[in-house]
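Peer 1: Input file: structure-v3.cif. Contents: mmCIF, C-alpha atoms.
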```
data_entry
#
loop_
_atom_site.label_atom_id
_atom_site.label_comp_id
_atom_site.auth_asym_id
_atom_site.auth_seq_id
_atom_site.Cartn_x
_atom_site.Cartn_y
_atom_site.Cartn_z
CA MET A 15 0.00 0.00 0.00
CA GLY A 16 2.87 2.35 -0.71
CA ARG A 17 4.37 2.65 2.74
CA GLN A 18 7.86 4.13 3.14
CA GLU A 19 9.33 0.95 4.65
CA VAL A 20 8.16 -1.06 1.62
CA PHE A 21 9.81 1.40 -0.77
CA SER A 22 13.03 1.26 1.27
CA ARG A 23 13.09 -2.54 1.31
CA ALA A 24 12.21 -2.83 -2.38
CA SER A 25 14.99 -0.34 -3.15
CA ALA A 26 17.53 -2.44 -1.24
CA ILE A 27 16.43 -5.62 -3.03
CA SER A 28 16.09 -4.21 -6.54
CA GLY A 29 18.88 -1.65 -6.59
CA GLN A 30 16.37 0.97 -7.80
CA SER A 31 16.18 4.30 -6.01
CA VAL A 32 13.25 4.95 -3.68
CA GLU A 33 12.32 7.95 -5.86
CA ASN A 34 12.19 5.78 -8.98
CA LEU A 35 10.00 3.21 -7.22
CA LYS A 36 7.64 5.95 -6.01
CA THR A 37 7.03 7.06 -9.61
CA ARG A 38 5.63 3.58 -10.29
CA SER A 39 3.32 3.17 -7.31
CA HIS A 40 1.04 5.21 -5.12
CA GLU A 41 2.44 6.32 -1.79
CA TYR A 42 0.74 6.10 1.61
CA LEU A 43 0.61 9.51 3.35
CA SER A 44 -1.95 8.90 6.11
CA ASP A 45 -5.01 6.76 6.83
CA ARG A 46 -7.06 8.56 4.20
CA ARG A 47 -4.50 10.22 1.92
CA PHE A 48 -2.22 8.89 -0.79
CA ALA A 49 0.05 10.39 -3.44
CA TYR A 50 1.12 9.39 -6.93
CA ARG A 51 3.43 11.34 -9.22
CA GLY A 52 3.02 14.60 -7.33
CA GLU A 53 -0.76 14.40 -6.96
CA THR A 54 -2.45 13.78 -3.61
CA PHE A 55 -5.89 12.22 -3.20
CA PHE A 56 -8.20 10.51 -0.74
CA ARG A 57 -8.16 6.71 -0.54
CA GLU A 58 -11.63 6.51 -2.12
CA PHE A 59 -9.98 7.39 -5.46
CA LEU A 60 -8.32 3.96 -5.32
CA LEU A 61 -10.28 0.80 -6.12
CA ARG A 62 -9.32 -1.32 -3.15
CA SER A 63 -12.19 -3.78 -2.88
CA SER A 64 -12.05 -5.24 -6.38
CA VAL A 65 -9.27 -6.42 -8.67
CA THR A 66 -9.04 -4.53 -11.95
CA PHE A 67 -7.18 -5.88 -14.99
CA CYS A 68 -7.00 -6.01 -18.76
CA PRO A 69 -7.27 -9.63 -19.96
CA ALA A 70 -5.00 -8.87 -22.95
CA CYS A 71 -2.27 -7.44 -20.69
CA LEU A 72 -2.43 -10.46 -18.36
CA LEU A 73 -2.39 -12.85 -21.33
CA SER A 74 0.79 -11.12 -22.51
CA ASP A 75 2.20 -11.74 -19.01
CA TYR A 76 1.28 -15.41 -19.49
CA ASN A 77 3.05 -15.51 -22.86
CA GLU A 78 6.18 -13.83 -21.49
CA SER A 79 6.40 -16.36 -18.65
CA GLY A 80 7.14 -19.21 -21.07
CA THR A 81 6.68 -22.52 -19.31
CA GLY A 82 7.06 -21.12 -15.79
CA ALA A 83 4.34 -19.73 -13.58
CA PRO A 84 3.13 -16.37 -14.89
CA LYS A 85 4.12 -13.28 -12.97
CA PHE A 86 1.20 -10.95 -13.39
CA ILE A 87 2.08 -7.31 -13.30
CA GLY A 88 -0.66 -4.90 -12.32
CA ARG A 89 -0.49 -1.57 -14.09
CA THR A 90 -0.55 1.28 -11.60
CA GLU A 91 -3.29 3.22 -13.38
CA TRP A 92 -5.73 0.31 -13.05
CA VAL A 93 -6.27 1.05 -9.36
CA PHE A 94 -7.79 4.50 -9.95
CA ARG A 95 -11.60 4.70 -10.12
CA SER A 96 -11.63 6.90 -13.23
CA VAL A 97 -9.54 4.46 -15.28
CA ARG A 98 -11.92 2.04 -16.98
CA THR A 99 -10.23 1.23 -20.30
CA CYS A 100 -6.90 -0.32 -21.26
CA GLU A 101 -5.26 2.37 -23.35
CA HIS A 102 -2.96 -0.21 -25.00
CA HIS A 103 -5.63 -2.70 -26.11
CA ALA A 104 -8.69 -0.43 -26.37
CA THR A 105 -10.80 -2.78 -24.25
CA ALA A 106 -12.84 -2.26 -21.13
CA LEU A 107 -11.01 -3.27 -17.97
CA CYS A 108 -12.45 -6.21 -16.03
CA ARG A 109 -13.31 -5.70 -12.39
CA THR A 110 -13.87 -8.60 -10.06
CA ALA A 111 -16.44 -8.77 -7.31
CA GLN A 112 -15.56 -7.52 -3.86
CA VAL A 113 -12.36 -8.94 -2.40
CA ARG A 114 -11.69 -9.11 1.34
CA GLY A 115 -8.67 -7.18 2.58
CA SER A 116 -7.91 -3.95 0.77
CA GLU A 117 -4.23 -4.75 0.24
CA LEU A 118 -5.09 -8.08 -1.37
CA ALA A 119 -7.21 -6.38 -4.01
CA LEU A 120 -4.10 -4.77 -5.44
CA ASN A 121 -2.31 -8.12 -5.75
CA ILE A 122 -3.15 -9.18 -9.31
CA SER A 123 -1.31 -12.51 -9.06
CA ALA A 124 -3.40 -13.64 -6.10
CA HIS A 125 -6.69 -13.05 -7.93
CA ALA A 126 -6.04 -13.37 -11.66
CA PRO A 127 -8.16 -15.84 -13.63
CA ASP A 128 -6.47 -18.76 -15.35
CA GLN A 129 -5.38 -18.51 -18.99
CA GLU A 130 -8.56 -20.09 -20.37
CA ARG A 131 -10.76 -17.65 -18.42
CA LEU A 132 -8.62 -14.68 -19.52
CA GLU A 133 -9.03 -15.70 -23.16
CA LYS A 134 -12.80 -15.92 -22.70
CA LEU A 135 -12.91 -12.52 -20.96
CA LEU A 136 -10.86 -10.98 -23.77
CA LYS A 137 -13.31 -12.29 -26.40
CA GLN A 138 -16.20 -10.80 -24.42
CA ALA A 139 -14.50 -7.49 -23.62
CA PRO A 140 -16.09 -4.61 -25.48
CA LEU A 141 -13.79 -2.45 -27.58
CA CYS A 142 -13.75 1.12 -26.37
CA LYS A 143 -11.61 4.21 -26.16
CA PRO A 144 -10.48 5.81 -22.92
CA SER A 145 -12.89 8.53 -21.82
CA ALA A 146 -11.89 12.18 -21.87
CA LEU A 147 -11.80 12.02 -18.07
CA GLN A 148 -9.46 9.02 -18.08
CA ASN A 149 -7.20 10.77 -20.60
CA TYR A 150 -7.17 13.87 -18.39
CA ILE A 151 -6.33 11.85 -15.25
CA ILE A 152 -3.45 9.98 -16.94
CA ALA A 153 -2.13 13.20 -18.52
CA ARG A 154 -2.29 15.00 -15.19
CA PHE A 155 -0.30 12.24 -13.52
CA GLU A 156 2.29 12.75 -16.27
CA GLY A 157 2.49 16.47 -15.44
CA HIS A 158 0.39 17.89 -18.29
CA LYS A 159 -1.99 20.79 -17.81
CA GLY A 160 -5.71 20.66 -18.51
CA PRO A 161 -8.63 23.00 -17.94
CA ARG A 162 -7.72 25.39 -15.14
CA TRP A 163 -10.95 24.77 -13.20
CA LEU A 164 -9.94 21.08 -12.96
CA ASP A 165 -6.23 21.66 -12.40
CA ASP A 166 -7.01 23.92 -9.44
CA GLN A 167 -8.71 21.02 -7.63
CA GLN A 168 -7.21 17.95 -6.00
CA ILE A 169 -7.20 15.22 -8.68
CA ASP A 170 -9.79 12.93 -7.06
CA LEU A 171 -12.14 15.83 -6.40
CA ALA A 172 -11.72 17.07 -9.98
CA SER A 173 -12.57 13.58 -11.21
CA ARG A 174 -15.65 13.36 -9.02
CA ALA A 175 -16.86 16.85 -10.01
CA THR A 176 -16.53 15.89 -13.69
CA GLU A 177 -18.42 12.64 -13.17
CA MET A 178 -21.24 14.51 -11.41
CA LEU A 179 -21.44 17.08 -14.21
#
```
Output the file's structure in the form of structure tokens.
Peer 2:
Amino acid sequence: MGRQEVFSRASAISGQSVENLKTRSHEYLSDRRFAYRGETFFREFLLRSSVTFCPACLLSDYNESGTGAPKFIGRTEWVFRSVRTCEHHATALCRTAQVRGSELALNISAHAPDQERLEKLLKQAPLCKPSALQNYIIARFEGHKGPRWLDDQQIDLASRATEML
């Protein structure tokens, strides 16, 4: 869940700097607040009770694993409520039913369907483009500017205001 001690330990194991690791994961600030790439938000902006994934991305993880057990890699953006489409495969993201334990919901490997189920989900997944809101959220995380009335708000509140409008 992005705690400092996890970043420090992962840095020691991987040889990557803590700063580099923080650019690839959200960071725990307090019980209700998190940060990611310079943006702060309330925990409700994270999907913590369901597992979100793109079947095509996970199938590519399967293919890259060869004959060994697949190592599923969750994409950081999948955990944000406003992200509903895989920008690489132009398909709707799949979301599982509620999962017990908020930290477990972010562990794709613990909850990913098997290869046969992923293939079936991919065939059923509707093709779609990312919404303007999703594009704005991803661009904002990358440091781009958008409409001033949105940029002046905390990212999760800007997202919610847009959804309500």
Peer 1: By how many Å are atom CA of A:Cys100 and atom CA of A:Arg57 apart?
Peer 2: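 Pair atom CA of A:Cys100 / atom CA of A:Arg57 returns 21.9 Å.
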Peer 1: Neighbouring residues of stretch 16-30 of chain A were defined as those with any atom within 12 Å, considering only C-alpha atoms; residues of the same chain fewer than 5 positions away were excluded. Please report them as a PyMOL selection string.
Peer 2: chain A and resi 35-45+47-50+57+90+117+120
Peer 1: Would you mind listing what lies within 12 Å of A:Phe94 as a ChimeraX atom specification, with only C-alpha atoms counted and same-chain residues fewer than 6 positions away left out?
Peer 2: /A:39-40,48-50,55-67,107,109,120,147-148,151-152,155,169-170,173-174
Peer 1: Got a sec to resolve the PyMOL selection byres ((chain A and resi 102-106) around 6) on this structure and send the residues as a list in words?
Peer 2: Thr99, Cys100, Glu101, Leu107, Pro140, Leu141, Cys142 and Lys143 of chain A
Peer 1: Given the selection you just returned, output its residues as a file containing C-alpha atoms, formatted as a PDB file, keeping the file's coordinate frame.
Peer 2:
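The file below, part.pdb, is the result:
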```pdb
ATOM      1  CA  THR A  99     -10.230   1.230 -20.300  1.00  0.00           C
ATOM      2  CA  CYS A 100      -6.900  -0.320 -21.260  1.00  0.00           C
ATOM      3  CA  GLU A 101      -5.260   2.370 -23.350  1.00  0.00           C
ATOM      4  CA  LEU A 107     -11.010  -3.270 -17.970  1.00  0.00           C
ATOM      5  CA  PRO A 140     -16.090  -4.610 -25.480  1.00  0.00           C
ATOM      6  CA  LEU A 141     -13.790  -2.450 -27.580  1.00  0.00           C
ATOM      7  CA  CYS A 142     -13.750   1.120 -26.370  1.00  0.00           C
ATOM      8  CA  LYS A 143     -11.610   4.210 -26.160  1.00  0.00           C
TER       9      LYS A 143
END
```
Peer 1: Between atom CA of A:Pro144 and atom CA of A:Asn34, measure the distance and give it in Å to one decimal.
Peer 2: 26.6 Å
Peer 1: With all atoms listed in the file as the basis for distance, which of A:Asp75, A:Asp165, A:Glu33, A:Glu156 is at the shortest distance from A:Gln129?
Peer 2: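 For A:Gln129, the nearest of the given residues is A:Asp75.
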Peer 1: Hey, which of A:Leu132, A:Leu164, A:Gly157, A:Ala175 ends up closest to A:Arg51? Count only C-alpha atoms.
Peer 2: A:Gly157
Peer 1: Tell me, in Å to one decimal, how far atom CA of A:Arg98 is from atom CA of A:Val32.
Peer 2: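 These atoms are spaced 28.6 Å apart.
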Peer 1: Choose the residue, out of A:Cys68, A:Leu135, A:Leu73, A:Ala126, that has the smallest atom-to-atom separation from A:Trp92; count only C-alpha atoms.
Peer 2: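 Smallest separation from A:Trp92 among the options: A:Cys68.
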Peer 1: Could you check the closest approach to A:Arg131 for each of A:Ala146, A:Ala153, A:Gly160, A:Ala70 and tell me which residue wins, using only C-alpha atoms?
Peer 2: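 Answer, going by the shortest atom-to-atom distance: A:Ala70.
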Peer 1: Pick from A:Glu78, A:Asp128, A:Asp166, A:Glu177: nearest to A:Glu53, with all atoms listed in the file counted?
Peer 2: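 Counting all atoms listed in the file, the residue closest to A:Glu53 is A:Asp166.
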Peer 1: For A:Gly52, which of A:Arg154, A:Ala111, A:Leu171, A:Met178 is the closest residue, counting all atoms listed in the file?
Peer 2: A:Arg154
Peer 1: Because the input lacks atoms here, generate N, CA and C atoms for stretch 140-166 of chain A and report them as an mmCIF file, in the coordinates of the input.
Peer 2:
```
data_model
loop_
_atom_site.group_PDB
_atom_site.id
_atom_site.type_symbol
_atom_site.label_atom_id
_atom_site.label_comp_id
_atom_site.auth_asym_id
_atom_site.auth_seq_id
_atom_site.Cartn_x
_atom_site.Cartn_y
_atom_site.Cartn_z
ATOM 1 N N PRO A 140 -15.721 -5.557 -24.436
ATOM 2 C CA PRO A 140 -16.090 -4.610 -25.480
ATOM 3 C C PRO A 140 -14.907 -3.705 -25.846
ATOM 4 N N LEU A 141 -14.808 -3.400 -27.135
ATOM 5 C CA LEU A 141 -13.790 -2.450 -27.580
ATOM 6 C C LEU A 141 -14.268 -1.051 -27.217
ATOM 7 N N CYS A 142 -13.380 -0.250 -26.720
ATOM 8 C CA CYS A 142 -13.750 1.120 -26.370
ATOM 9 C C CYS A 142 -12.491 1.975 -26.270
ATOM 10 N N LYS A 143 -12.704 3.253 -26.312
ATOM 11 C CA LYS A 143 -11.610 4.210 -26.160
ATOM 12 C C LYS A 143 -11.637 4.747 -24.731
ATOM 13 N N PRO A 144 -10.473 5.157 -24.230
ATOM 14 C CA PRO A 144 -10.480 5.810 -22.920
ATOM 15 C C PRO A 144 -11.345 7.073 -22.972
ATOM 16 N N SER A 145 -12.050 7.334 -21.889
ATOM 17 C CA SER A 145 -12.890 8.530 -21.820
ATOM 18 C C SER A 145 -12.015 9.777 -21.745
ATOM 19 N N ALA A 146 -12.614 10.915 -22.000
ATOM 20 C CA ALA A 146 -11.890 12.180 -21.870
ATOM 21 C C ALA A 146 -11.408 12.357 -20.428
ATOM 22 N N LEU A 147 -12.205 11.926 -19.464
ATOM 23 C CA LEU A 147 -11.800 12.020 -18.070
ATOM 24 C C LEU A 147 -10.585 11.138 -17.792
ATOM 25 N N GLN A 148 -10.605 9.900 -18.276
ATOM 26 C CA GLN A 148 -9.460 9.020 -18.080
ATOM 27 C C GLN A 148 -8.213 9.621 -18.723
ATOM 28 N N ASN A 149 -8.343 10.142 -19.934
ATOM 29 C CA ASN A 149 -7.200 10.770 -20.600
ATOM 30 C C ASN A 149 -6.669 11.939 -19.780
ATOM 31 N N TYR A 150 -7.574 12.737 -19.218
ATOM 32 C CA TYR A 150 -7.170 13.870 -18.390
ATOM 33 C C TYR A 150 -6.410 13.387 -17.149
ATOM 34 N N ILE A 151 -6.950 12.369 -16.474
ATOM 35 C CA ILE A 151 -6.330 11.850 -15.250
ATOM 36 C C ILE A 151 -4.913 11.341 -15.548
ATOM 37 N N ILE A 152 -4.766 10.533 -16.593
ATOM 38 C CA ILE A 152 -3.450 9.980 -16.940
ATOM 39 C C ILE A 152 -2.502 11.116 -17.323
ATOM 40 N N ALA A 153 -2.973 12.066 -18.115
ATOM 41 C CA ALA A 153 -2.130 13.200 -18.520
ATOM 42 C C ALA A 153 -1.713 14.025 -17.309
ATOM 43 N N ARG A 154 -2.631 14.224 -16.384
ATOM 44 C CA ARG A 154 -2.290 15.000 -15.190
ATOM 45 C C ARG A 154 -1.234 14.300 -14.355
ATOM 46 N N PHE A 155 -1.331 12.978 -14.227
ATOM 47 C CA PHE A 155 -0.300 12.240 -13.520
ATOM 48 C C PHE A 155 1.066 12.386 -14.210
ATOM 49 N N GLU A 156 1.042 12.591 -15.517
ATOM 50 C CA GLU A 156 2.290 12.750 -16.270
ATOM 51 C C GLU A 156 2.775 14.199 -16.275
ATOM 52 N N GLY A 157 2.056 15.090 -15.581
ATOM 53 C CA GLY A 157 2.490 16.470 -15.440
ATOM 54 C C GLY A 157 1.930 17.448 -16.452
ATOM 55 N N HIS A 158 0.989 17.008 -17.282
ATOM 56 C CA HIS A 158 0.390 17.890 -18.290
ATOM 57 C C HIS A 158 -0.708 18.742 -17.665
ATOM 58 N N LYS A 159 -0.944 19.866 -18.260
ATOM 59 C CA LYS A 159 -1.990 20.790 -17.810
ATOM 60 C C LYS A 159 -3.271 20.522 -18.580
ATOM 61 N N GLY A 160 -4.396 20.790 -17.901
ATOM 62 C CA GLY A 160 -5.710 20.660 -18.510
ATOM 63 C C GLY A 160 -6.491 21.924 -18.244
ATOM 64 N N PRO A 161 -7.810 21.825 -18.262
ATOM 65 C CA PRO A 161 -8.630 23.000 -17.940
ATOM 66 C C PRO A 161 -8.299 23.508 -16.540
ATOM 67 N N ARG A 162 -8.153 24.806 -16.415
ATOM 68 C CA ARG A 162 -7.720 25.390 -15.140
ATOM 69 C C ARG A 162 -8.671 25.041 -13.998
ATOM 70 N N TRP A 163 -9.999 25.034 -14.277
ATOM 71 C CA TRP A 163 -10.950 24.770 -13.200
ATOM 72 C C TRP A 163 -10.765 23.357 -12.633
ATOM 73 N N LEU A 164 -10.247 22.419 -13.452
ATOM 74 C CA LEU A 164 -9.940 21.080 -12.960
ATOM 75 C C LEU A 164 -8.567 21.027 -12.302
ATOM 76 N N ASP A 165 -7.591 21.667 -12.930
ATOM 77 C CA ASP A 165 -6.230 21.660 -12.400
ATOM 78 C C ASP A 165 -6.135 22.311 -11.027
ATOM 79 N N ASP A 166 -7.029 23.235 -10.734
ATOM 80 C CA ASP A 166 -7.010 23.920 -9.440
ATOM 81 C C ASP A 166 -7.569 23.067 -8.309
#
```
